[in-house]
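Novice: The structure's right below; bear with me while I get my questions together.
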Amino acid sequence: MSETSTRQPVLRMVGITKRFPGVLANDHVTLDLYEGEVLALLGENGAGKSTLMNVLCGLYRPDEGAIYVDGRPIEIRSPRDAYDLGIGMVHQNFMLVETMTVAENVVLGLRGLPFRPDFSDVSEGLRDISARYGLEVDPDAYIWQLSVGEQQRVEILKLLYRGADILILDEPTAVLTPQEVDDLVRVLRRMVAEGKSIVFITHKMNEVMVFSDRVTVLRQGRVTATLPTSGTSPQELARLMVGREVLFRLEKEPCRPGPPVLEVEGLEALNDKNLPALRGVSLTLRAGEIVGIAGVAGNGQRELAEVVTGLRTAVAGEVRVNETCVTNCSPLEMIRVGVSHVPEDRVGVGLVGSMAVSDNLALKGYRGPELSRGPVLLPSAVQRFAHDLIESFDIATPGPETRVKFLSGGNLQKTILARELTACGGLLVAVHPTRGLDVGATEAVRKLLLEQRNQGNAVLLISEDLEELMAVSDRIAVMFEGQIVDVVPAADADVAALGLMMAGGRPEPGGVAQ
Amino acid sequence: MRVVIEKREAISRSARLLVPIISFVFALIFGAILLLASGVNPLVTYAAMARGALGGRHALGETLVKAIPLMFTGLGVSLAFRMLFWNIGAEGQLAMGGLAATGVALFLAGRLPSWSVLPAVIVAGMVAGAVWGAIPALLRAYLKVNETITTLMMNYIAILWISHLYHGPWRDPGGYGFPGTAQFPPEAWLPRLFDRVHLGILLAVVAAAILWFVIQRTKWGFEIRVTGENPQAARYAGIDIARNIVLVMLLSGALCGLAGACEVSGVMRRLQQGLTVGYGYTAIIVAWMGQLNPLGVLLVAFLLAVILVGGDQIQLAMGLPAAMAFVLQGALLFPMLGGALFTEYRLRIVRTGARVTAVTTSSAVEEAE
Amino acid sequence: MDISLLVSVLTITLRAGTSLVYATVGEIYTERSGILNLGVEGMMMMGALAAFAVAYHTGSLALALLVALLVGGLLAAVHAFLSVSLRANQVVSGLTLTLFGTGMASFLGQRLGPGGTYLVGLVGPSLKRIPIPILSELPLVGPSLFNQDILTYGLYIFVPLAGWYLYKTRPGLYLRAVGENPQTADAMGIHVAAFRYLYTILGGMLAGLGGAHLSLSYTKGWAENITGGRGWIAVALVIFAMWDPLRAVVGAILFGGINAVQFRMQAAGTTIPSALLNMLPYIATILVLVVITWWETLRKRIGAPAALGLPYAREEKG
């Protein structure tokens, strides 16, 4: 932390403008970064933060604007140029080659790498840096063997090994437990003490308060304010970010749980790498309640959702929906039993991008008597169905025949929700349903989930957002390493206790363990 | 100065129509260059080709005769491609269709009531093609074996098999030493409409119509389209992909087998050399250029038949090698493949040197409508 | 077991397998960069034609080999352009090149003979077998491994080199990254498109070279369908070799062996119909593919380069 008012910024981005088809991602954005500080770049999803930083690290070319490093105007034509200038970025989706080791990943594209790279040399260098900043990781391990938190450390090591002085971190805490977040804060403080400058991209106000010295707020591609963190508050930041008062609380009817809809007993399953992902999961969901699954990504939540929806085989254990045993039934049978699924990967799994909105809306119900007769589809019925859903769910689309890939993120999710909620026969599995959505869309989705629950359906909500889980769920189950650590009523939950469990701590019978 | 390829907001309709047309023009130009290099006047050649293929009833008939197997195999291949099943085995499926049809015609005709011989011949051809196509399909569906290679290997096996048969065990004893089977009995002949144009042309049109209906209007067709566009979403939606792979290939193989059956029963009236001349491979071009659409397939099949027949004509008349036609076909598809880019993307020329003074984007090379 | 029979089989196996090794290793490199090239058959065919035509007309074998390399590379360049810059469907593009290449080879084969006539059936220069002093005296391996032509000898150096290059050098490391995860390679400053172009063209060149071996050594002379599907078998062998150049040799040996067996049996006069013998390589390819795929699925090993066959573009949003 240093005095910044009169010094030359180590980085200046002036008037940066970037357009994509149909979208103005950055609108004359100006940003300063000083040496030895952490600058938070705050904005909703879609506000242009990642775009701006992608411009800085050479992945995008700006349509207008200029960049100055140490007062010198420079042009960044490619990621290599950015590296040469000492600028590096840790992306949300890690840029790592899974089948290679840490050391191999670190040296990819390194200037001056000899024709026959000496990896023992590289490993040694990496161990030095690891020790200096507290980023412990085995240089000879393969990426696929590492946990997500360790992979993030590799990403940071990559930058430090190349002598990066300006580091950009894009939503780094999404994949970390609260304890790992503390570790990250410590690492960042050490880097800043050595004179590095850090840009910290986030959409969470409380992270800004914890991590940064100054904050620049983006809204819809424009800068709304740049302030010292000490001089502001989460409420003010929220207003700057969204432009209106943000409701932090949701209105919720009391929970009236009915008969069990989903019963999972002793479930065991493997992940894509044939390693155990579920190690004996047992859980009961009742009609009319929302059970949230808390946990850091990679502890089995995804696999749980896939087993319950028939997309993954269980190695042991039982799954029952409405008292019917459906263990290892096909996705079709799960659908028939009344399970709806809002998947994590919207465009990749939940929708067919190149087909029309109406086709996508019919993807669940096309087998039924409303949309088909015998083997033949009824086009007029499909159209009517689509029209009804587009209206009632307020999906913004030029028309029902528009190909779904042209819709915005929020509307993609609305399409999926419209389809899945309408077809829901008792159980809704929603995986990260508000990820990447702006505040308006997020609110809408949460309201829809509550509606489902009020109508008597059971909702299994998997989310990385503890705030969301606490606001929406009736009960919260914490998953760690393929098992459920504990299930607590949401009203009684607190972040510290949940965070402890997410990191593997056992629940204390009384209060929070210390 | 940089050329930027950027995604369009909507798929360009005009590009979709223009691209095949421009491809065709490019192919003609490329062919013209080859002809010039061979010392021949391209315009005269093309005119001769057109006359040879379309000038008069007889020429048109020959063109249709060549078009029919292309239509059937094109339809079969386009169906498989829709589901991203790369059926390169149309040639083998056609051959097996011909084999089965021949087998029935030569060896079972005597034991069946005469009205049933022709239908039996046709059905046998379809079944054989279906089975030949189903084998790689099963391997892919349940064992995840790459179908590009298996279908192709089945081609070689099928071609060797029929060659063995009409050179050996099935050879016509009274055939003066020519390799080929005896002629089929008349009950097994597919009736002809005029000249050598046989009933297959009607069957092809009907098949195209049925295929269009199945793909666009049935639940199964919907499943096929979804699977082809996004297999993961298909699985998520409960679609049984493995089952569909097999069903699609049964149908695809059947269509190709039908091509073979019609050839031996309608055109050659025996099994001999000249059945496997590459229709199955040309079908890939037909399917792709026809944009996997049954009507498009029919049109492109006809177009390619014009090139093939015209090519035959100029070979005779002008001494140009028949392989010329194959070269032209290949040349057709390149611009088609490259041009497909323009339906989804457009080019923009951007002057570099983006500073505080704004960069101007100059004229777009292609505009979305 | 008759030693001379064993020697004969081993010799033919190596000779038959040589063209396959070049083509397979070439395709391994191409696929390692993420590009699927199904045009190998066409490139081999054109390579075979070009090599023989040049050798026939100029008498220079060196020039013939060079032209074969060029021709294969040129065809592959077209595929690279379509696949990398225009993001065309790689399966169809490759298939088209095969159709085009085989058609073109057939076309030229009827025009490139003396005076513009047929090239088929002509006799021209061929690669001679060169026994290596001392080594060729060794029992069994001597006459088979060390009495071959220069292209087969070339393999003894080329294959280990190809393996070393892929796993121990910087460009090999970058190549593997490009095929596994082009987004990452791009973000790290590696020029994805350049790698894809380079190794696709290299693969084509090697396919052309493999074809040249057929017309200059194995079959000697030009004939229609001289490659007989070897280009396709090479593509299958890439899977069998699990994208590893050293394992490619095993597969090629296997097929060379089948060729050798076919040859010997026909020479010995067998009752098995020649058609069935001719089918052996194709049936074997299917069986090999089935076994390998099933085995790999069972073990869930990481196999193909993760980005194989998928076009890569940097400016995609979202």
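Labels for the structure tokens follow display order: chains A, B, ..., residues from 1 in each chain, ligands from 1.
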Based on only C-alpha atoms, which of the residues in chain A come within 9 Å of chain B? I want them as JSON, numbers by chain.
Specialist: {"A": [14, 15, 16, 20, 21, 22, 61, 62, 63, 64, 65, 66, 67, 73, 75, 309, 310, 311, 330, 331, 332, 333, 334, 335, 341, 343, 347, 348, 349, 350, 351, 352, 353, 354, 355, 359, 363, 364, 366, 367, 372, 374, 375, 376, 377, 378, 379, 402, 403, 406]}
Novice: Any chance you can output those residues with N, CA and C atoms as a short mmCIF file (atom, residue, chain, number, x, y, z; two decimals), in the first residue's frame?
Specialist:
data_model
loop_
_atom_site.label_atom_id
_atom_site.label_comp_id
_atom_site.auth_asym_id
_atom_site.auth_seq_id
_atom_site.Cartn_x
_atom_site.Cartn_y
_atom_site.Cartn_z
N VAL A 14 -6.54 4.38 -21.72
CA VAL A 14 -7.29 5.62 -21.99
C VAL A 14 -8.26 5.43 -23.14
N GLY A 15 -9.51 5.70 -22.89
CA GLY A 15 -10.50 5.72 -23.98
C GLY A 15 -10.66 4.39 -24.70
N ILE A 16 -10.51 3.29 -23.99
CA ILE A 16 -10.58 1.98 -24.64
C ILE A 16 -12.02 1.69 -25.06
N PHE A 20 -18.33 -5.83 -30.14
CA PHE A 20 -18.60 -7.16 -30.68
C PHE A 20 -19.91 -7.08 -31.44
N PRO A 21 -20.21 -8.09 -32.29
CA PRO A 21 -21.47 -7.98 -33.03
C PRO A 21 -22.64 -7.80 -32.09
N GLY A 22 -23.32 -6.67 -32.20
CA GLY A 22 -24.51 -6.43 -31.38
C GLY A 22 -24.22 -5.93 -29.99
N ARG A 61 -8.09 -6.94 -29.60
CA ARG A 61 -7.55 -5.66 -30.04
C ARG A 61 -8.62 -4.61 -29.86
N PRO A 62 -8.29 -3.50 -29.26
CA PRO A 62 -9.32 -2.46 -29.07
C PRO A 62 -9.65 -1.78 -30.38
N ASP A 63 -10.89 -1.34 -30.53
CA ASP A 63 -11.26 -0.58 -31.70
C ASP A 63 -10.76 0.85 -31.60
N GLU A 64 -10.74 1.36 -30.37
CA GLU A 64 -10.21 2.71 -30.14
C GLU A 64 -9.47 2.73 -28.81
N GLY A 65 -8.66 3.76 -28.62
CA GLY A 65 -8.05 3.93 -27.30
C GLY A 65 -6.56 3.66 -27.31
N ALA A 66 -5.92 3.95 -26.18
CA ALA A 66 -4.47 3.78 -26.09
C ALA A 66 -4.09 3.23 -24.73
N ILE A 67 -2.94 2.63 -24.68
CA ILE A 67 -2.43 2.06 -23.44
C ILE A 67 -1.03 2.60 -23.20
N PRO A 73 3.61 5.12 -24.49
CA PRO A 73 2.50 4.52 -25.24
C PRO A 73 2.95 3.19 -25.85
N GLU A 75 1.73 -0.74 -27.82
CA GLU A 75 0.69 -1.47 -28.52
C GLU A 75 0.80 -2.94 -28.15
N THR A 309 -29.88 -36.86 -12.44
CA THR A 309 -30.59 -36.64 -13.70
C THR A 309 -30.32 -37.72 -14.73
N GLY A 310 -29.60 -38.75 -14.34
CA GLY A 310 -29.40 -39.87 -15.24
C GLY A 310 -28.24 -39.73 -16.21
N LEU A 311 -27.43 -38.70 -16.04
CA LEU A 311 -26.35 -38.47 -16.99
C LEU A 311 -25.05 -39.13 -16.55
N SER A 330 -31.91 -44.19 -17.40
CA SER A 330 -31.43 -43.30 -18.46
C SER A 330 -32.01 -41.90 -18.25
N PRO A 331 -31.43 -40.90 -18.91
CA PRO A 331 -31.97 -39.55 -18.80
C PRO A 331 -33.45 -39.49 -19.18
N LEU A 332 -33.83 -40.31 -20.15
CA LEU A 332 -35.23 -40.29 -20.57
C LEU A 332 -36.14 -40.76 -19.45
N GLU A 333 -35.72 -41.82 -18.79
CA GLU A 333 -36.55 -42.33 -17.70
C GLU A 333 -36.63 -41.33 -16.56
N MET A 334 -35.54 -40.64 -16.30
CA MET A 334 -35.56 -39.61 -15.27
C MET A 334 -36.54 -38.50 -15.63
N ILE A 335 -36.52 -38.14 -16.90
CA ILE A 335 -37.45 -37.09 -17.34
C ILE A 335 -38.88 -37.57 -17.13
N HIS A 341 -34.02 -30.47 -15.21
CA HIS A 341 -32.60 -30.20 -15.00
C HIS A 341 -32.21 -28.91 -15.66
N PRO A 343 -28.99 -27.20 -16.43
CA PRO A 343 -27.58 -27.61 -16.33
C PRO A 343 -26.63 -26.44 -16.15
N VAL A 347 -25.17 -23.47 -22.96
CA VAL A 347 -25.16 -23.62 -24.41
C VAL A 347 -24.64 -24.98 -24.83
N GLY A 348 -23.76 -25.54 -24.02
CA GLY A 348 -23.17 -26.82 -24.40
C GLY A 348 -24.07 -28.01 -24.15
N VAL A 349 -24.88 -27.93 -23.11
CA VAL A 349 -25.70 -29.09 -22.74
C VAL A 349 -27.19 -28.78 -22.79
N GLY A 350 -27.56 -27.62 -22.30
CA GLY A 350 -28.99 -27.36 -22.13
C GLY A 350 -29.71 -26.89 -23.37
N LEU A 351 -28.96 -26.48 -24.37
CA LEU A 351 -29.61 -25.91 -25.55
C LEU A 351 -28.91 -26.39 -26.82
N VAL A 352 -29.65 -26.32 -27.93
CA VAL A 352 -29.03 -26.57 -29.23
C VAL A 352 -28.92 -25.22 -29.91
N GLY A 353 -27.71 -24.66 -29.88
CA GLY A 353 -27.51 -23.27 -30.29
C GLY A 353 -27.99 -22.96 -31.68
N SER A 354 -27.78 -23.90 -32.61
CA SER A 354 -28.10 -23.57 -33.99
C SER A 354 -29.55 -23.83 -34.34
N MET A 355 -30.34 -24.25 -33.37
CA MET A 355 -31.76 -24.46 -33.66
C MET A 355 -32.60 -23.34 -33.06
N ASP A 359 -37.77 -24.68 -31.13
CA ASP A 359 -37.29 -26.06 -31.08
C ASP A 359 -36.69 -26.37 -29.71
N LEU A 363 -37.81 -29.12 -26.62
CA LEU A 363 -36.85 -30.22 -26.45
C LEU A 363 -37.27 -31.22 -25.39
N LYS A 364 -38.03 -30.77 -24.40
CA LYS A 364 -38.48 -31.70 -23.39
C LYS A 364 -39.80 -32.34 -23.74
N TYR A 366 -41.48 -32.67 -26.68
CA TYR A 366 -41.86 -33.04 -28.05
C TYR A 366 -42.43 -34.44 -28.13
N ARG A 367 -42.16 -35.24 -27.10
CA ARG A 367 -42.69 -36.60 -27.17
C ARG A 367 -44.15 -36.67 -26.75
N SER A 372 -47.21 -33.53 -30.32
CA SER A 372 -47.04 -34.51 -31.40
C SER A 372 -48.21 -35.47 -31.44
N GLY A 374 -48.61 -39.38 -32.59
CA GLY A 374 -47.90 -40.55 -33.10
C GLY A 374 -46.46 -40.16 -33.37
N PRO A 375 -45.93 -40.53 -34.53
CA PRO A 375 -44.55 -40.18 -34.82
C PRO A 375 -44.35 -38.76 -35.35
N VAL A 376 -45.46 -38.08 -35.60
CA VAL A 376 -45.37 -36.79 -36.30
C VAL A 376 -45.46 -35.62 -35.32
N LEU A 377 -44.63 -34.62 -35.55
CA LEU A 377 -44.69 -33.40 -34.74
C LEU A 377 -45.80 -32.49 -35.27
N LEU A 378 -46.36 -31.67 -34.39
CA LEU A 378 -47.37 -30.71 -34.83
C LEU A 378 -46.77 -29.31 -34.81
N PRO A 379 -46.37 -28.81 -35.97
CA PRO A 379 -45.66 -27.52 -35.99
C PRO A 379 -46.48 -26.37 -35.38
N THR A 402 -35.92 -17.46 -34.14
CA THR A 402 -34.51 -17.06 -34.03
C THR A 402 -33.69 -18.20 -33.47
N ARG A 403 -32.52 -18.37 -34.03
CA ARG A 403 -31.65 -19.39 -33.47
C ARG A 403 -31.20 -18.97 -32.08
N PHE A 406 -28.17 -16.71 -30.61
CA PHE A 406 -28.07 -15.26 -30.69
C PHE A 406 -28.66 -14.55 -29.49
#
Novice: Which residues of chain A come within 7 Å of chain C, and for each one, what is the closest pair of atoms and their distance in Å to one decimal, counting only C-alpha atoms, sorted by chain and residue number, as CSV?
Specialist:
residue,atom,partner,partner_atom,distance
A:Leu59,CA,C:Ala187,CA,6.9
A:Tyr60,CA,C:Glu315,CA,6.6
A:Ser78,CA,C:Gly189,CA,6.9
A:Pro79,CA,C:Gly189,CA,5.1
A:Arg80,CA,C:Gly189,CA,4.5
A:Met95,CA,C:Thr184,CA,4.6
A:Leu96,CA,C:Thr184,CA,6.0
A:Val97,CA,C:Asn181,CA,6.0
A:Leu108,CA,C:Met188,CA,6.2
A:Gly109,CA,C:Met188,CA,5.2
A:Pro114,CA,C:Arg170,CA,7.0
A:Phe115,CA,C:Arg170,CA,5.1
A:Arg116,CA,C:Thr169,CA,4.6
A:Pro117,CA,C:Arg170,CA,6.2
Novice: So that I can check the surroundings of C:Leu6, please list as a list in words every protein, DNA and RNA residue that reaches within 12 Å of it, counting only C-alpha atoms and ignoring chain neighbours fewer than 2 positions away.
Specialist: Met1, Asp2, Ile3, Ser4, Ser8, Val9, Leu10, Thr11, Ile12, Thr13, Pro139, Leu140, Val141, Pro143, Ser144, Gly257, Ala260, Val261 and Arg264 of chain C
Novice: Using only N, CA and C atoms, please write the residues we just selected to a file, as a compact mmCIF listing (two decimals), in the first residue's frame.
Specialist:
# COMPACT_ATOMS: atom_id res chain seq x y z
N MET C 1 11.41 -74.17 -38.43
CA MET C 1 11.04 -72.97 -39.17
C MET C 1 12.17 -72.62 -40.15
N ASP C 2 11.81 -72.55 -41.38
CA ASP C 2 12.79 -72.28 -42.42
C ASP C 2 13.28 -70.83 -42.32
N ILE C 3 14.59 -70.67 -42.11
CA ILE C 3 15.15 -69.34 -41.91
C ILE C 3 14.91 -68.45 -43.11
N SER C 4 15.07 -69.02 -44.28
CA SER C 4 14.95 -68.16 -45.45
C SER C 4 13.52 -67.65 -45.61
N SER C 8 12.57 -63.79 -45.64
CA SER C 8 11.76 -63.25 -46.73
C SER C 8 10.57 -62.47 -46.19
N VAL C 9 9.89 -63.06 -45.22
CA VAL C 9 8.72 -62.38 -44.64
C VAL C 9 9.12 -61.08 -43.99
N LEU C 10 10.19 -61.12 -43.23
CA LEU C 10 10.65 -59.92 -42.53
C LEU C 10 11.02 -58.82 -43.53
N THR C 11 11.71 -59.23 -44.59
CA THR C 11 12.12 -58.24 -45.59
C THR C 11 10.91 -57.56 -46.22
N ILE C 12 9.97 -58.40 -46.65
CA ILE C 12 8.78 -57.83 -47.30
C ILE C 12 8.00 -56.97 -46.32
N THR C 13 7.94 -57.44 -45.08
CA THR C 13 7.22 -56.68 -44.07
C THR C 13 7.76 -55.26 -43.97
N PRO C 139 23.07 -62.80 -39.11
CA PRO C 139 22.00 -63.78 -39.38
C PRO C 139 20.63 -63.16 -39.18
N LEU C 140 19.70 -63.52 -39.96
CA LEU C 140 18.29 -63.11 -39.88
C LEU C 140 18.10 -61.61 -40.10
N VAL C 141 18.62 -60.78 -39.18
CA VAL C 141 18.36 -59.35 -39.36
C VAL C 141 19.21 -58.74 -40.48
N PRO C 143 20.13 -59.75 -43.70
CA PRO C 143 19.53 -59.61 -45.04
C PRO C 143 18.18 -58.89 -45.02
N SER C 144 17.52 -58.85 -43.87
CA SER C 144 16.19 -58.23 -43.89
C SER C 144 16.22 -56.77 -43.50
N GLY C 257 3.37 -56.90 -42.36
CA GLY C 257 3.35 -58.34 -42.19
C GLY C 257 2.20 -58.99 -42.93
N ALA C 260 2.93 -59.13 -46.45
CA ALA C 260 3.93 -60.16 -46.72
C ALA C 260 3.27 -61.53 -46.75
N VAL C 261 2.41 -61.76 -45.79
CA VAL C 261 1.72 -63.05 -45.74
C VAL C 261 0.89 -63.26 -47.01
N ARG C 264 3.25 -64.12 -49.87
CA ARG C 264 3.83 -65.46 -49.79
C ARG C 264 2.81 -66.52 -50.09
Novice: As a ChimeraX atom specification, please: the residues near stretch 242-250 of chain C (cut-off 7 Å, only C-alpha atoms, same-chain neighbours under 4 positions excluded).
Specialist: /C:21,24-25,28,159-160,162-163,237-238,254,303-304
Novice: Can those selected residues be exported to a file as a PDB file, in the first residue's frame so that it contains C-alpha atoms?
Specialist:
ATOM      1  CA  VAL C  21       5.234 -45.448 -41.452  1.00  0.00           C
ATOM      2  CA  THR C  24       1.260 -42.489 -40.306  1.00  0.00           C
ATOM      3  CA  VAL C  25       3.917 -40.420 -38.586  1.00  0.00           C
ATOM      4  CA  ILE C  28       0.341 -38.131 -36.187  1.00  0.00           C
ATOM      5  CA  VAL C 159      11.243 -42.523 -36.426  1.00  0.00           C
ATOM      6  CA  PRO C 160      13.451 -42.030 -33.345  1.00  0.00           C
ATOM      7  CA  ALA C 162      10.211 -37.929 -34.727  1.00  0.00           C
ATOM      8  CA  GLY C 163       9.712 -39.293 -31.225  1.00  0.00           C
ATOM      9  CA  LEU C 237      -2.860 -46.569 -37.457  1.00  0.00           C
ATOM     10  CA  VAL C 238      -2.623 -43.126 -35.893  1.00  0.00           C
ATOM     11  CA  LEU C 254       1.722 -55.399 -38.508  1.00  0.00           C
ATOM     12  CA  GLY C 303      -5.931 -40.467 -26.074  1.00  0.00           C
ATOM     13  CA  ALA C 304      -6.564 -38.121 -28.915  1.00  0.00           C
TER      14      ALA C 304
END
Novice: Which residue is closest to chain C? Choose from B:Val309, B:Ala209, B:Leu152, B:Cys256 and count only C-alpha atoms.
Specialist: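 Using only C-alpha atoms, chain C sits closest to B:Leu152.
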Novice: Please identify which residues in stretch 106-329 of chain B DSSP calls alpha helix (DSSP H) from the backbone, and express them as a ChimeraX atom specification.
Specialist: /B:114-143,147-167,200-217,219-229,231-236,241-262,279-289,294-318,323-329
